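To keep things clear, I will list the structure first and then write my remarks on it.
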Amino acid sequence: MTSTVVRPTVVGRLLPDDPLLRRLALMSLVNTVGNGLFITVSVLFFTRSIGLTPGRVALGLTVAGVCGVLAGVPMGRLADRVGSRRLLLVVGPLEAAAVLGYAFVHSFAAFVALACAATVLERGSVAVRSALIARALPAEGQVRARALLRSVMNAGLVVGSGGAAIALQSDSYTGYVIVLVLDALSFLGAAALLVGLPVPDGPAGPAEAAGAPVKRRTALRDRRYLLVTALHAVLELQLAVLGVGLPLWIVLGTDAPPAVLAAVNVVNCLLVVLFQVRASRGVTDVATAARACARGALLLAAACLVYAAAQYGPAALAAGVLLAGALVHTLGELLTSAGGWTLSLDLADPRAHGEYQGVFMSGQAAAHVIGPLVITLTAVDHGAVGWVVLAGLFALAGPALPVAVRGAAPRG
């Protein structure tokens, strides 16, 4: 298989020369444009068109999130048995059907059941796609490739969110259903791009293929991998900082205008699109990945302290401090993401990538579920003191990763 080449220009970051990576990037773009459409309008659709209360929507999505945490390992194991591409060809149309099903929901029970099914499919597919990338791309180019794919994903989310503005403006059942249809088509389009993708569908791993039968490791009994997954999940709380903590902090704890939140989101998205590939340079093995996570965690801790300082200034100063915090935060996010990909891959048994990626993605999913609660109990409820506590969590978890991976065997 040819090596992956990524041009050092902005266009090169989004349009790779390697045809396989180009196909994967297009799949990510199609899928995330649909996700951006749906995520932007979903809560309003559930409350204004289906008629659910905000509290019931939150409860239903929380239950669905817990189900998603439990989906990674079973889906990953199934991918190891039947092949990642083959499984995604089935999961994609099921995801499309689940999204369209929301148009016919008229009760809380039906909403919870469908949300659980959709989230299980979505979280499971994340683990399966990660396993597919692990098998499709050469090891030496995977971190750079995943960085490029993340840039493409963020670009897709921005495009989808912008397109959803039309549906939000109309604020009608018909407009929201059109968004559901477009999201469903994005799942089908991504599945169609899988057809003909040169990825082996068999379960055999490299050691078995080389005639060296070695006992396959089990992710749930791999203590080092579980520890690394847990530590990196703590770093994933930074997403809840951006999505929950910062919006509430801006409104409740500072004099900054609410519009600054939009500027923070733009800064975050643009920096990820433009610099995620560059941030992955130098992350070449387990040791460098763990150090990248440690540096990124310290930046996340520093960002929390900067956010806390925003309460002490007038509106203009508070806005500037928050934007500075967002810049530091995003730099930390870039490093922890690049390091996390390498750790999730290089510490895994290459014959069981599906199961191992399922465990790692379940750790991330758990952080996404409990993140809003953690952020609320710290920064939102206790202000500057809470931000300091969050900073301490990041500052402890990140530097612990180099210790946790010390002595790890090379990949494979």
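Scheme for the structure tokens: letters A, B, ... for chains in order shown; per-chain residue numbers from 1; ligand numbers from 1 in order shown.
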
Can you list every residue of region 67-105 of chain A that has an atom at most 7 Å from region 111-123 of chain A, with its nearest atom pair and the distance in Å to one decimal, using only C-alpha atoms, ordered by chain then number, as a tab-separated table?
residue	atom	partner	partner_atom	distance
A:Cys67	CA	A:Val120	CA	6.1
A:Gly68	CA	A:Val120	CA	4.5
A:Ala71	CA	A:Val120	CA	5.4
A:Gly72	CA	A:Arg123	CA	6.4
A:Val91	CA	A:Leu121	CA	6.7
A:Glu95	CA	A:Ala118	CA	6.2
A:Ala98	CA	A:Ala118	CA	5.6
A:Val105	CA	A:Phe111	CA	6.0

Same residues, N, CA and C atoms, output as an mmCIF file, in the first residue's frame:
data_model
loop_
_atom_site.group_PDB
_atom_site.id
_atom_site.type_symbol
_atom_site.label_atom_id
_atom_site.label_comp_id
_atom_site.auth_asym_id
_atom_site.auth_seq_id
_atom_site.Cartn_x
_atom_site.Cartn_y
_atom_site.Cartn_z
ATOM 1 N N CYS A 67 -26.388 4.529 26.916
ATOM 2 C CA CYS A 67 -26.442 3.398 25.980
ATOM 3 C C CYS A 67 -25.287 3.464 24.982
ATOM 4 N N GLY A 68 -24.952 4.678 24.540
ATOM 5 C CA GLY A 68 -23.838 4.831 23.608
ATOM 6 C C GLY A 68 -22.514 4.426 24.203
ATOM 7 N N ALA A 71 -21.981 0.772 23.794
ATOM 8 C CA ALA A 71 -22.037 0.234 22.437
ATOM 9 C C ALA A 71 -20.669 -0.045 21.838
ATOM 10 N N GLY A 72 -19.626 0.666 22.311
ATOM 11 C CA GLY A 72 -18.337 0.611 21.634
ATOM 12 C C GLY A 72 -17.720 -0.775 21.571
ATOM 13 N N VAL A 91 -24.480 -0.513 9.073
ATOM 14 C CA VAL A 91 -24.791 0.491 10.087
ATOM 15 C C VAL A 91 -25.241 1.806 9.452
ATOM 16 N N GLU A 95 -28.494 3.958 10.526
ATOM 17 C CA GLU A 95 -28.437 5.313 11.083
ATOM 18 C C GLU A 95 -29.375 6.245 10.331
ATOM 19 N N ALA A 98 -32.849 5.571 11.500
ATOM 20 C CA ALA A 98 -33.081 6.082 12.853
ATOM 21 C C ALA A 98 -33.344 7.586 12.835
ATOM 22 N N VAL A 105 -42.054 10.463 15.657
ATOM 23 C CA VAL A 105 -42.126 10.324 17.112
ATOM 24 C C VAL A 105 -43.162 11.297 17.674
#

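Residues in contact with Leu239 (chain A) at 9 Å, where only C-alpha atoms are counted and same-chain residues fewer than 5 positions away are skipped, are listed as Val244, Glu333, Ala367, His368 and Gly371 of chain A.
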
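The residue that comes closest to Ala139 (chain A), out of A:Val389, A:Ala190, A:Leu300, A:Leu345 and on the basis of only C-alpha atoms, is A:Leu345.
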
(message) Could you list, as a VMD selection string, every residue within 6 Å of region 285-296 of chain A, counting only C-alpha atoms and ignoring same-chain residues fewer than 2 positions away?
(response) chain A and resid 283 298 to 299 332 335 to 336 339 343 398 to 399 401 to 402

(request) Tell me, as a count of residues only, which residues lie within 9 Å of Ile375 (chain A), counting only C-alpha atoms; anything in the same chain fewer than 6 positions away does not count. (result) 9
